[in-house]
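Shown here: work.csv, CSV, N, CA, C and O atoms.
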chain,number,residue,atom,x,y,z
A,215,MET,N,44.9,83.7,-5.7
A,215,MET,CA,45.2,83.2,-7.1
A,215,MET,C,45.2,84.4,-8.0
A,215,MET,O,44.2,85.0,-8.2
A,216,ASP,N,46.2,84.6,-8.7
A,216,ASP,CA,46.3,85.7,-9.6
A,216,ASP,C,45.8,85.2,-11.0
A,216,ASP,O,45.4,84.1,-11.3
A,217,ALA,N,45.8,86.2,-12.0
A,217,ALA,CA,45.2,85.9,-13.3
A,217,ALA,C,46.0,84.9,-14.1
A,217,ALA,O,45.4,84.0,-14.8
A,218,THR,N,47.3,84.8,-13.9
A,218,THR,CA,48.1,83.8,-14.6
A,218,THR,C,47.8,82.4,-14.1
A,218,THR,O,47.7,81.5,-14.9
A,219,GLU,N,47.6,82.2,-12.8
A,219,GLU,CA,47.3,80.9,-12.3
A,219,GLU,C,45.9,80.5,-12.7
A,219,GLU,O,45.7,79.3,-13.1
A,220,LYS,N,45.0,81.4,-12.8
A,220,LYS,CA,43.6,81.1,-13.3
A,220,LYS,C,43.7,80.7,-14.8
A,220,LYS,O,43.0,79.7,-15.2
A,221,THR,N,44.5,81.4,-15.5
A,221,THR,CA,44.6,81.1,-16.9
A,221,THR,C,45.2,79.7,-17.1
A,221,THR,O,44.8,78.9,-17.9
A,222,ILE,N,46.3,79.4,-16.3
A,222,ILE,CA,46.9,78.1,-16.4
A,222,ILE,C,45.9,77.0,-16.0
A,222,ILE,O,45.9,75.9,-16.7
A,223,THR,N,45.2,77.2,-14.9
A,223,THR,CA,44.2,76.2,-14.5
A,223,THR,C,43.1,76.0,-15.5
A,223,THR,O,42.8,74.9,-15.8
A,224,LEU,N,42.6,77.1,-16.1
A,224,LEU,CA,41.6,77.0,-17.2
A,224,LEU,C,42.2,76.2,-18.4
A,224,LEU,O,41.5,75.4,-19.0
A,225,PHE,N,43.4,76.6,-18.7
A,225,PHE,CA,44.1,75.9,-19.9
A,225,PHE,C,44.2,74.4,-19.6
A,225,PHE,O,44.0,73.6,-20.5
A,226,THR,N,44.7,74.0,-18.4
A,226,THR,CA,44.8,72.6,-18.0
A,226,THR,C,43.5,71.9,-18.1
A,226,THR,O,43.4,70.8,-18.6
A,227,THR,N,42.5,72.6,-17.6
A,227,THR,CA,41.1,71.9,-17.6
A,227,THR,C,40.7,71.7,-19.1
A,227,THR,O,40.2,70.6,-19.4
A,228,ARG,N,40.9,72.7,-19.9
A,228,ARG,CA,40.5,72.6,-21.3
A,228,ARG,C,41.3,71.5,-22.0
A,228,ARG,O,40.7,70.7,-22.8
A,229,VAL,N,42.5,71.4,-21.7
A,229,VAL,CA,43.4,70.3,-22.3
A,229,VAL,C,42.9,68.9,-21.9
A,229,VAL,O,42.7,68.0,-22.7
A,230,ARG,N,42.6,68.8,-20.6
A,230,ARG,CA,42.0,67.5,-20.1
A,230,ARG,C,40.7,67.2,-20.8
A,230,ARG,O,40.4,66.0,-21.1
A,231,GLN,N,39.8,68.2,-20.9
A,231,GLN,CA,38.6,68.0,-21.6
A,231,GLN,C,38.8,67.5,-23.1
A,231,GLN,O,38.1,66.6,-23.6
A,232,LEU,N,39.7,68.2,-23.8
A,232,LEU,CA,40.0,67.8,-25.1
A,232,LEU,C,40.6,66.4,-25.2
A,232,LEU,O,40.2,65.6,-26.1
A,233,ILE,N,41.4,66.0,-24.3
A,233,ILE,CA,42.0,64.6,-24.2
A,233,ILE,C,40.8,63.6,-24.0
A,233,ILE,O,40.8,62.6,-24.7
A,234,LEU,N,39.9,63.9,-23.1
A,234,LEU,CA,38.8,63.0,-22.9
A,234,LEU,C,37.9,62.9,-24.1
A,234,LEU,O,37.5,61.8,-24.5
A,235,GLN,N,37.6,64.1,-24.7
A,235,GLN,CA,36.8,64.1,-25.9
A,235,GLN,C,37.5,63.3,-27.1
A,235,GLN,O,36.9,62.5,-27.8
A,236,PHE,N,38.8,63.4,-27.2
A,236,PHE,CA,39.6,62.7,-28.2
A,236,PHE,C,39.5,61.2,-27.9
A,236,PHE,O,39.3,60.4,-28.9
A,237,ASN,N,39.6,60.8,-26.7
A,237,ASN,CA,39.6,59.4,-26.4
A,237,ASN,C,38.2,58.8,-26.7
A,237,ASN,O,38.0,57.7,-27.2
A,238,GLU,N,37.1,59.6,-26.4
A,238,GLU,CA,35.8,59.1,-26.7
A,238,GLU,C,35.6,59.0,-28.2
A,238,GLU,O,35.0,58.0,-28.7
A,239,THR,N,36.0,60.0,-28.9
A,239,THR,CA,35.9,60.0,-30.4
A,239,THR,C,36.7,58.9,-31.0
A,239,THR,O,36.2,58.2,-31.9
A,240,LYS,N,37.9,58.6,-30.5
A,240,LYS,CA,38.7,57.5,-30.9
A,240,LYS,C,38.0,56.2,-30.7
A,240,LYS,O,38.0,55.3,-31.6
A,241,LYS,N,37.4,56.0,-29.5
A,241,LYS,CA,36.7,54.8,-29.2
A,241,LYS,C,35.5,54.6,-30.2
A,241,LYS,O,35.2,53.5,-30.7
A,242,GLU,N,34.7,55.7,-30.4
A,242,GLU,CA,33.6,55.7,-31.3
A,242,GLU,C,34.0,55.3,-32.7
A,242,GLU,O,33.4,54.5,-33.4
A,243,ASN,N,35.1,55.9,-33.1
A,243,ASN,CA,35.6,55.6,-34.4
A,243,ASN,C,36.0,54.1,-34.6
A,243,ASN,O,35.7,53.5,-35.6
A,244,ASN,N,36.7,53.6,-33.6
A,244,ASN,CA,37.0,52.1,-33.6
A,244,ASN,C,35.8,51.3,-33.6
A,244,ASN,O,35.7,50.3,-34.4
A,245,ASP,N,34.8,51.7,-32.9
A,245,ASP,CA,33.5,50.9,-32.9
A,245,ASP,C,32.8,50.9,-34.3
A,245,ASP,O,32.3,49.9,-34.8
A,246,LEU,N,32.9,52.1,-34.9
A,246,LEU,CA,32.3,52.3,-36.2
A,246,LEU,C,33.1,51.4,-37.3
A,246,LEU,O,32.5,50.8,-38.1
A,247,TYR,N,34.4,51.4,-37.2
A,247,TYR,CA,35.2,50.6,-38.1
A,247,TYR,C,34.9,49.1,-37.9
A,247,TYR,O,34.8,48.4,-38.9
A,248,ALA,N,34.7,48.7,-36.6
A,248,ALA,CA,34.3,47.3,-36.4
A,248,ALA,C,33.0,47.0,-37.0
A,248,ALA,O,32.8,45.9,-37.6
A,249,LEU,N,32.0,47.9,-36.9
A,249,LEU,CA,30.7,47.7,-37.4
A,249,LEU,C,30.8,47.6,-39.0
A,249,LEU,O,30.1,46.8,-39.6
A,250,VAL,N,31.6,48.5,-39.6
A,250,VAL,CA,31.7,48.5,-41.0
A,250,VAL,C,32.4,47.1,-41.5
A,250,VAL,O,31.9,46.5,-42.4
A,251,ASP,N,33.4,46.7,-40.7
A,251,ASP,CA,34.0,45.4,-41.1
A,251,ASP,C,33.0,44.2,-40.9
A,251,ASP,O,32.9,43.3,-41.8
A,252,GLN,N,32.2,44.3,-39.9
A,252,GLN,CA,31.1,43.3,-39.7
A,252,GLN,C,30.1,43.3,-40.9
A,252,GLN,O,29.7,42.3,-41.4
A,253,ARG,N,29.7,44.5,-41.3
A,253,ARG,CA,28.8,44.6,-42.4
A,253,ARG,C,29.4,44.1,-43.7
A,253,ARG,O,28.7,43.5,-44.5
A,254,ASP,N,30.7,44.4,-43.9
A,254,ASP,CA,31.3,44.0,-45.1
A,254,ASP,C,31.4,42.4,-45.1
A,254,ASP,O,31.1,41.8,-46.2
A,255,ALA,N,31.7,41.8,-44.0
A,255,ALA,CA,31.7,40.4,-43.9
A,255,ALA,C,30.3,39.8,-44.2
A,255,ALA,O,30.2,38.8,-44.9
A,256,GLU,N,29.3,40.4,-43.7
A,256,GLU,CA,27.9,40.0,-43.9
A,256,GLU,C,27.5,40.1,-45.4
A,256,GLU,O,26.9,39.2,-45.9
A,257,ILE,N,27.9,41.2,-46.0
A,257,ILE,CA,27.6,41.4,-47.4
A,257,ILE,C,28.3,40.4,-48.2
A,257,ILE,O,27.7,39.8,-49.2
A,258,LYS,N,29.6,40.1,-48.0
A,258,LYS,CA,30.3,39.0,-48.7
A,258,LYS,C,29.6,37.7,-48.6
A,258,LYS,O,29.5,36.9,-49.5
A,259,GLN,N,29.2,37.4,-47.3
A,259,GLN,CA,28.5,36.1,-47.1
A,259,GLN,C,27.2,36.1,-47.9
A,259,GLN,O,26.8,35.1,-48.5
A,260,LEU,N,26.4,37.2,-47.9
A,260,LEU,CA,25.1,37.2,-48.6
A,260,LEU,C,25.3,37.2,-50.1
A,260,LEU,O,24.5,36.6,-50.8
A,261,GLN,N,26.4,37.8,-50.6
A,261,GLN,CA,26.7,37.7,-52.0
A,261,GLN,C,27.0,36.3,-52.5
A,261,GLN,O,26.6,35.8,-53.5
A,262,ALA,N,27.8,35.6,-51.6
A,262,ALA,CA,28.2,34.2,-51.9
A,262,ALA,C,26.9,33.4,-51.9
A,262,ALA,O,26.7,32.5,-52.7
A,263,GLN,N,26.1,33.6,-50.9
A,263,GLN,CA,24.8,32.9,-50.8
A,263,GLN,C,23.9,33.1,-52.0
A,263,GLN,O,23.3,32.2,-52.6
A,264,LEU,N,23.9,34.4,-52.5
A,264,LEU,CA,23.1,34.7,-53.6
A,264,LEU,C,23.6,34.0,-54.9
A,264,LEU,O,22.8,33.5,-55.7
A,265,ALA,N,24.9,34.0,-55.0
A,265,ALA,CA,25.5,33.4,-56.2
A,265,ALA,C,25.2,31.9,-56.2
A,265,ALA,O,24.8,31.3,-57.2
A,266,GLN,N,25.2,31.3,-55.0
A,266,GLN,CA,24.9,29.8,-54.9
A,266,GLN,C,23.5,29.6,-55.2
A,266,GLN,O,23.1,28.6,-56.0
A,267,VAL,N,22.6,30.4,-54.8
A,267,VAL,CA,21.2,30.3,-55.0
A,267,VAL,C,20.9,30.4,-56.5
A,267,VAL,O,20.1,29.7,-57.1
A,268,GLN,N,21.5,31.4,-57.1
A,268,GLN,CA,21.4,31.6,-58.6
A,268,GLN,C,21.9,30.4,-59.4
A,268,GLN,O,21.2,30.0,-60.3
A,269,ASN,N,23.0,29.9,-59.0
A,269,ASN,CA,23.5,28.7,-59.7
A,269,ASN,C,22.5,27.5,-59.5
A,269,ASN,O,22.3,26.8,-60.4
A,270,ASP,N,22.0,27.3,-58.3
A,270,ASP,CA,21.0,26.3,-58.0
A,270,ASP,C,19.8,26.5,-58.9
A,270,ASP,O,19.2,25.5,-59.4
A,271,TYR,N,19.3,27.7,-59.0
A,271,TYR,CA,18.1,28.0,-59.7
A,271,TYR,C,18.4,27.7,-61.2
A,271,TYR,O,17.5,27.1,-61.9
A,272,ASN,N,19.5,28.1,-61.7
A,272,ASN,CA,19.8,27.9,-63.1
A,272,ASN,C,19.9,26.4,-63.4
A,272,ASN,O,19.5,25.9,-64.4
A,273,ALA,N,20.5,25.6,-62.5
A,273,ALA,CA,20.6,24.2,-62.7
A,273,ALA,C,19.2,23.6,-62.6
A,273,ALA,O,18.9,22.7,-63.4
A,274,LEU,N,18.4,24.0,-61.7
A,274,LEU,CA,17.0,23.5,-61.6
A,274,LEU,C,16.2,23.8,-62.9
A,274,LEU,O,15.5,23.0,-63.4
A,275,LYS,N,16.4,25.1,-63.4
A,275,LYS,CA,15.7,25.5,-64.6
A,275,LYS,C,16.2,24.6,-65.8
A,275,LYS,O,15.4,24.2,-66.6
A,276,MET,N,17.5,24.4,-65.9
A,276,MET,CA,18.0,23.6,-66.9
A,276,MET,C,17.5,22.1,-66.8
A,276,MET,O,17.1,21.5,-67.8
A,277,ALA,N,17.5,21.6,-65.6
A,277,ALA,CA,17.0,20.2,-65.4
A,277,ALA,C,15.5,20.2,-65.8
A,277,ALA,O,15.1,19.2,-66.4
A,278,LYS,N,14.8,21.2,-65.5
A,278,LYS,CA,13.3,21.2,-65.8
A,278,LYS,C,13.2,21.3,-67.3
A,278,LYS,O,12.3,20.6,-67.9
A,279,MET,N,14.0,22.0,-68.0
A,279,MET,CA,13.9,22.1,-69.4
A,279,MET,C,14.3,20.8,-70.1
A,279,MET,O,13.8,20.4,-71.2
A,280,LEU,N,15.2,20.0,-69.5
A,280,LEU,CA,15.6,18.8,-70.0
A,280,LEU,C,14.8,17.6,-69.5
A,280,LEU,O,15.1,16.4,-69.9
A,281,GLU,N,13.9,17.8,-68.7
A,281,GLU,CA,13.1,16.8,-68.1
A,281,GLU,C,12.3,16.0,-69.2
A,281,GLU,O,11.6,16.6,-70.0
A,282,ILE,N,12.5,14.7,-69.2
A,282,ILE,CA,11.9,14.0,-70.3
A,282,ILE,C,10.8,13.0,-69.6
A,282,ILE,O,11.1,12.2,-68.8
A,283,THR,N,9.6,13.2,-70.1
A,283,THR,CA,8.6,12.3,-69.7
A,283,THR,C,8.3,11.4,-70.9
A,283,THR,O,8.8,11.5,-72.0
A,284,ASP,N,7.4,10.4,-70.7
A,284,ASP,CA,7.1,9.4,-71.7
A,284,ASP,C,6.6,10.1,-73.0
A,284,ASP,O,7.0,9.8,-74.1
A,285,GLY,N,5.6,10.9,-72.8
A,285,GLY,CA,5.0,11.5,-74.0
A,285,GLY,C,5.7,12.8,-74.5
A,285,GLY,O,5.3,13.4,-75.5
A,286,ASP,N,6.7,13.2,-73.8
A,286,ASP,CA,7.3,14.5,-74.1
A,286,ASP,C,8.8,14.4,-74.6
A,286,ASP,O,9.5,15.3,-74.6
A,287,HIS,N,9.1,13.2,-75.1
A,287,HIS,CA,10.5,12.9,-75.6
A,287,HIS,C,10.8,13.8,-76.8
A,287,HIS,O,11.9,14.4,-76.9
A,288,GLU,N,9.9,13.9,-77.8
A,288,GLU,CA,10.2,14.7,-79.0
A,288,GLU,C,10.3,16.2,-78.6
A,288,GLU,O,11.2,16.9,-79.1
A,289,ALA,N,9.5,16.7,-77.8
A,289,ALA,CA,9.5,18.1,-77.4
A,289,ALA,C,10.8,18.4,-76.6
A,289,ALA,O,11.4,19.4,-76.8
A,290,ALA,N,11.3,17.5,-75.8
A,290,ALA,CA,12.5,17.6,-75.1
A,290,ALA,C,13.7,17.7,-76.1
A,290,ALA,O,14.6,18.5,-75.9
A,291,GLN,N,13.7,16.8,-77.1
A,291,GLN,CA,14.7,16.8,-78.1
A,291,GLN,C,14.8,18.2,-78.8
A,291,GLN,O,15.8,18.7,-79.1
A,292,LYS,N,13.6,18.7,-79.1
A,292,LYS,CA,13.5,20.0,-79.8
A,292,LYS,C,14.1,21.1,-78.9
A,292,LYS,O,14.8,22.0,-79.4
A,293,ARG,N,13.7,21.1,-77.6
A,293,ARG,CA,14.2,22.1,-76.7
A,293,ARG,C,15.7,22.0,-76.6
A,293,ARG,O,16.4,23.0,-76.6
A,294,LEU,N,16.2,20.8,-76.5
A,294,LEU,CA,17.7,20.6,-76.4
A,294,LEU,C,18.4,21.1,-77.7
A,294,LEU,O,19.4,21.7,-77.6
A,295,ALA,N,17.8,20.8,-78.8
A,295,ALA,CA,18.4,21.2,-80.1
A,295,ALA,C,18.4,22.8,-80.2
A,295,ALA,O,19.3,23.4,-80.6
A,296,LYS,N,17.3,23.4,-79.7
A,296,LYS,CA,17.2,24.8,-79.6
A,296,LYS,C,18.3,25.4,-78.7
A,296,LYS,O,19.0,26.4,-79.1
A,297,LEU,N,18.5,24.8,-77.6
A,297,LEU,CA,19.5,25.2,-76.7
A,297,LEU,C,20.9,25.1,-77.3
A,297,LEU,O,21.8,26.0,-77.2
A,298,ILE,N,21.2,24.0,-78.0
A,298,ILE,CA,22.5,23.8,-78.7
A,298,ILE,C,22.7,24.9,-79.7
A,298,ILE,O,23.8,25.5,-79.9
A,299,ARG,N,21.6,25.2,-80.5
A,299,ARG,CA,21.7,26.3,-81.5
A,299,ARG,C,22.0,27.6,-80.9
A,299,ARG,O,22.9,28.4,-81.4
A,300,GLU,N,21.4,27.9,-79.7
A,300,GLU,CA,21.7,29.2,-79.1
A,300,GLU,C,23.1,29.3,-78.5
A,300,GLU,O,23.8,30.3,-78.7
A,301,VAL,N,23.6,28.1,-78.0
A,301,VAL,CA,25.0,28.1,-77.5
A,301,VAL,C,25.9,28.3,-78.7
A,301,VAL,O,26.9,29.0,-78.6
A,302,ASN,N,25.6,27.6,-79.8
A,302,ASN,CA,26.5,27.8,-81.0
A,302,ASN,C,26.5,29.2,-81.5
A,302,ASN,O,27.5,29.7,-81.9
A,303,LYS,N,25.3,29.9,-81.5
A,303,LYS,CA,25.3,31.3,-81.9
A,303,LYS,C,26.1,32.2,-81.0
A,303,LYS,O,26.9,33.0,-81.4
A,304,CYS,N,26.1,31.9,-79.7
A,304,CYS,CA,26.9,32.6,-78.7
A,304,CYS,C,28.4,32.4,-79.0
A,304,CYS,O,29.2,33.4,-79.0
A,305,ILE,N,28.7,31.2,-79.2
A,305,ILE,CA,30.1,30.9,-79.5
A,305,ILE,C,30.6,31.6,-80.8
A,305,ILE,O,31.7,32.1,-80.9
A,306,THR,N,29.7,31.6,-81.8
A,306,THR,CA,30.1,32.3,-83.1
A,306,THR,C,30.2,33.8,-82.8
A,306,THR,O,31.2,34.4,-83.3
A,307,LEU,N,29.3,34.3,-82.1
A,307,LEU,CA,29.5,35.8,-81.8
A,307,LEU,C,30.8,36.1,-81.0
A,307,LEU,O,31.4,37.1,-81.3
A,308,LEU,N,31.1,35.2,-80.1
A,308,LEU,CA,32.3,35.5,-79.3
A,308,LEU,C,33.5,35.2,-80.2
A,308,LEU,O,34.6,35.9,-80.0
A,309,SER,N,33.5,34.3,-81.1
A,309,SER,CA,34.6,34.0,-82.0
A,309,SER,C,34.9,35.1,-83.0
A,309,SER,O,36.0,35.4,-83.4
A,310,ASP,N,33.8,35.8,-83.4
A,310,ASP,CA,34.0,36.9,-84.3
A,310,ASP,C,34.7,38.1,-83.7
A,310,ASP,O,35.2,38.9,-84.5
A,311,LYS,N,34.7,38.3,-82.5
A,311,LYS,CA,35.3,39.5,-81.8
A,311,LYS,C,36.7,39.3,-81.6
A,311,LYS,O,37.5,38.8,-81.5

Can you give me the file's structure in the form of structure tokens?
Amino acid sequence: MDATEKTITLFTTRVRQLILQFNETKKENNDLYALVDQRDAEIKQLQAQLAQVQNDYNALKMAKMLEITDGDHEAAQKRLAKLIREVNKCITLLSDK
């Protein structure tokens, strides 16, 4: 085998190694993209869950603030009036802009 044949054989071997390495890298890249997509879906699900929990918490907090017991009727009316005033202030501020 002369030098040209050795060079061609070496070149062929290197090209095959590069092709194998490319295929492995391509597979790894696809796996990483799939993992990123999975994480994105999980993040969206958790964000939706967080928003739902926050809404539930706010509703519970509002219900607790409006909870009326026999001896607490006047205090509840005062709290409700205060909430209405705060909402009216917010509406006024938004209307001014």

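The space between atom N of Ala295 in chain A and atom O of Met279 in chain A spans 8.6 Å.
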
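Interatomic distance, CA of Lys275 in chain A to CA of His287 in chain A: 17.5 Å.
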
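Distance-wise, CA of Tyr247 in chain A and CA of Leu232 in chain A end up 22.1 Å apart.
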
Taking all heavy atoms as the atom set, what does range 240-251 of chain A look like once completed, written as a PDB file, keeping the file's coordinate frame?
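In the end it all went to rebuild.pdb:
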ATOM      1  N   LYS A 240      37.900  58.600 -30.500  1.00  0.00           N
ATOM      2  CA  LYS A 240      38.700  57.500 -30.900  1.00  0.00           C
ATOM      3  C   LYS A 240      38.000  56.200 -30.700  1.00  0.00           C
ATOM      4  O   LYS A 240      38.000  55.300 -31.600  1.00  0.00           O
ATOM      5  CB  LYS A 240      40.038  57.530 -30.227  1.00  0.00           C
ATOM      6  CG  LYS A 240      41.050  56.566 -30.775  1.00  0.00           C
ATOM      7  CD  LYS A 240      42.389  56.761 -30.068  1.00  0.00           C
ATOM      8  CE  LYS A 240      43.399  55.743 -30.521  1.00  0.00           C
ATOM      9  NZ  LYS A 240      44.675  55.901 -29.811  1.00  0.00           N
ATOM     10  N   LYS A 241      37.400  56.000 -29.500  1.00  0.00           N
ATOM     11  CA  LYS A 241      36.700  54.800 -29.200  1.00  0.00           C
ATOM     12  C   LYS A 241      35.500  54.600 -30.200  1.00  0.00           C
ATOM     13  O   LYS A 241      35.200  53.500 -30.700  1.00  0.00           O
ATOM     14  CB  LYS A 241      36.196  54.738 -27.773  1.00  0.00           C
ATOM     15  CG  LYS A 241      35.465  53.473 -27.370  1.00  0.00           C
ATOM     16  CD  LYS A 241      34.917  53.568 -25.961  1.00  0.00           C
ATOM     17  CE  LYS A 241      34.149  52.348 -25.562  1.00  0.00           C
ATOM     18  NZ  LYS A 241      33.043  51.996 -26.445  1.00  0.00           N
ATOM     19  N   GLU A 242      34.700  55.700 -30.400  1.00  0.00           N
ATOM     20  CA  GLU A 242      33.600  55.700 -31.300  1.00  0.00           C
ATOM     21  C   GLU A 242      34.000  55.300 -32.700  1.00  0.00           C
ATOM     22  O   GLU A 242      33.400  54.500 -33.400  1.00  0.00           O
ATOM     23  CB  GLU A 242      32.855  57.002 -31.236  1.00  0.00           C
ATOM     24  CG  GLU A 242      31.612  57.049 -32.105  1.00  0.00           C
ATOM     25  CD  GLU A 242      30.951  58.423 -32.102  1.00  0.00           C
ATOM     26  OE1 GLU A 242      31.420  59.332 -31.387  1.00  0.00           O
ATOM     27  OE2 GLU A 242      29.957  58.578 -32.832  1.00  0.00           O
ATOM     28  N   ASN A 243      35.100  55.900 -33.100  1.00  0.00           N
ATOM     29  CA  ASN A 243      35.600  55.600 -34.400  1.00  0.00           C
ATOM     30  C   ASN A 243      36.000  54.100 -34.600  1.00  0.00           C
ATOM     31  O   ASN A 243      35.700  53.500 -35.600  1.00  0.00           O
ATOM     32  CB  ASN A 243      36.873  56.480 -34.701  1.00  0.00           C
ATOM     33  CG  ASN A 243      37.310  56.454 -36.141  1.00  0.00           C
ATOM     34  OD1 ASN A 243      36.503  56.240 -37.026  1.00  0.00           O
ATOM     35  ND2 ASN A 243      38.596  56.666 -36.370  1.00  0.00           N
ATOM     36  N   ASN A 244      36.700  53.600 -33.600  1.00  0.00           N
ATOM     37  CA  ASN A 244      37.000  52.100 -33.600  1.00  0.00           C
ATOM     38  C   ASN A 244      35.800  51.300 -33.600  1.00  0.00           C
ATOM     39  O   ASN A 244      35.700  50.300 -34.400  1.00  0.00           O
ATOM     40  CB  ASN A 244      37.879  51.771 -32.395  1.00  0.00           C
ATOM     41  CG  ASN A 244      39.284  52.341 -32.507  1.00  0.00           C
ATOM     42  OD1 ASN A 244      39.766  52.618 -33.597  1.00  0.00           O
ATOM     43  ND2 ASN A 244      39.937  52.533 -31.375  1.00  0.00           N
ATOM     44  N   ASP A 245      34.800  51.700 -32.900  1.00  0.00           N
ATOM     45  CA  ASP A 245      33.500  50.900 -32.900  1.00  0.00           C
ATOM     46  C   ASP A 245      32.800  50.900 -34.300  1.00  0.00           C
ATOM     47  O   ASP A 245      32.300  49.900 -34.800  1.00  0.00           O
ATOM     48  CB  ASP A 245      32.519  51.456 -31.834  1.00  0.00           C
ATOM     49  CG  ASP A 245      32.978  51.193 -30.406  1.00  0.00           C
ATOM     50  OD1 ASP A 245      33.856  50.340 -30.205  1.00  0.00           O
ATOM     51  OD2 ASP A 245      32.436  51.853 -29.483  1.00  0.00           O
ATOM     52  N   LEU A 246      32.900  52.100 -34.900  1.00  0.00           N
ATOM     53  CA  LEU A 246      32.300  52.300 -36.200  1.00  0.00           C
ATOM     54  C   LEU A 246      33.100  51.400 -37.300  1.00  0.00           C
ATOM     55  O   LEU A 246      32.500  50.800 -38.100  1.00  0.00           O
ATOM     56  CB  LEU A 246      32.220  53.726 -36.631  1.00  0.00           C
ATOM     57  CG  LEU A 246      31.206  54.569 -35.853  1.00  0.00           C
ATOM     58  CD1 LEU A 246      31.350  56.045 -36.211  1.00  0.00           C
ATOM     59  CD2 LEU A 246      29.792  54.095 -36.110  1.00  0.00           C
ATOM     60  N   TYR A 247      34.400  51.400 -37.200  1.00  0.00           N
ATOM     61  CA  TYR A 247      35.200  50.600 -38.100  1.00  0.00           C
ATOM     62  C   TYR A 247      34.900  49.100 -37.900  1.00  0.00           C
ATOM     63  O   TYR A 247      34.800  48.400 -38.900  1.00  0.00           O
ATOM     64  CB  TYR A 247      36.684  50.849 -37.883  1.00  0.00           C
ATOM     65  CG  TYR A 247      37.221  51.988 -38.713  1.00  0.00           C
ATOM     66  CD1 TYR A 247      37.681  53.156 -38.123  1.00  0.00           C
ATOM     67  CD2 TYR A 247      37.274  51.888 -40.099  1.00  0.00           C
ATOM     68  CE1 TYR A 247      38.179  54.196 -38.882  1.00  0.00           C
ATOM     69  CE2 TYR A 247      37.771  52.924 -40.880  1.00  0.00           C
ATOM     70  CZ  TYR A 247      38.228  54.075 -40.263  1.00  0.00           C
ATOM     71  OH  TYR A 247      38.710  55.096 -41.017  1.00  0.00           O
ATOM     72  N   ALA A 248      34.700  48.700 -36.600  1.00  0.00           N
ATOM     73  CA  ALA A 248      34.300  47.300 -36.400  1.00  0.00           C
ATOM     74  C   ALA A 248      33.000  47.000 -37.000  1.00  0.00           C
ATOM     75  O   ALA A 248      32.800  45.900 -37.600  1.00  0.00           O
ATOM     76  CB  ALA A 248      34.350  47.034 -34.882  1.00  0.00           C
ATOM     77  N   LEU A 249      32.000  47.900 -36.900  1.00  0.00           N
ATOM     78  CA  LEU A 249      30.700  47.700 -37.400  1.00  0.00           C
ATOM     79  C   LEU A 249      30.800  47.600 -39.000  1.00  0.00           C
ATOM     80  O   LEU A 249      30.100  46.800 -39.600  1.00  0.00           O
ATOM     81  CB  LEU A 249      29.796  48.862 -37.006  1.00  0.00           C
ATOM     82  CG  LEU A 249      28.332  48.775 -37.433  1.00  0.00           C
ATOM     83  CD1 LEU A 249      27.672  47.538 -36.832  1.00  0.00           C
ATOM     84  CD2 LEU A 249      27.590  50.027 -37.004  1.00  0.00           C
ATOM     85  N   VAL A 250      31.600  48.500 -39.600  1.00  0.00           N
ATOM     86  CA  VAL A 250      31.700  48.500 -41.000  1.00  0.00           C
ATOM     87  C   VAL A 250      32.400  47.100 -41.500  1.00  0.00           C
ATOM     88  O   VAL A 250      31.900  46.500 -42.400  1.00  0.00           O
ATOM     89  CB  VAL A 250      32.607  49.647 -41.522  1.00  0.00           C
ATOM     90  CG1 VAL A 250      33.055  49.462 -42.964  1.00  0.00           C
ATOM     91  CG2 VAL A 250      31.833  50.948 -41.380  1.00  0.00           C
ATOM     92  N   ASP A 251      33.400  46.700 -40.700  1.00  0.00           N
ATOM     93  CA  ASP A 251      34.000  45.400 -41.100  1.00  0.00           C
ATOM     94  C   ASP A 251      33.000  44.200 -40.900  1.00  0.00           C
ATOM     95  O   ASP A 251      32.900  43.300 -41.800  1.00  0.00           O
ATOM     96  CB  ASP A 251      35.193  45.091 -40.153  1.00  0.00           C
ATOM     97  CG  ASP A 251      36.359  46.019 -40.463  1.00  0.00           C
ATOM     98  OD1 ASP A 251      36.386  46.601 -41.570  1.00  0.00           O
ATOM     99  OD2 ASP A 251      37.244  46.162 -39.589  1.00  0.00           O
TER     100      ASP A 251
END
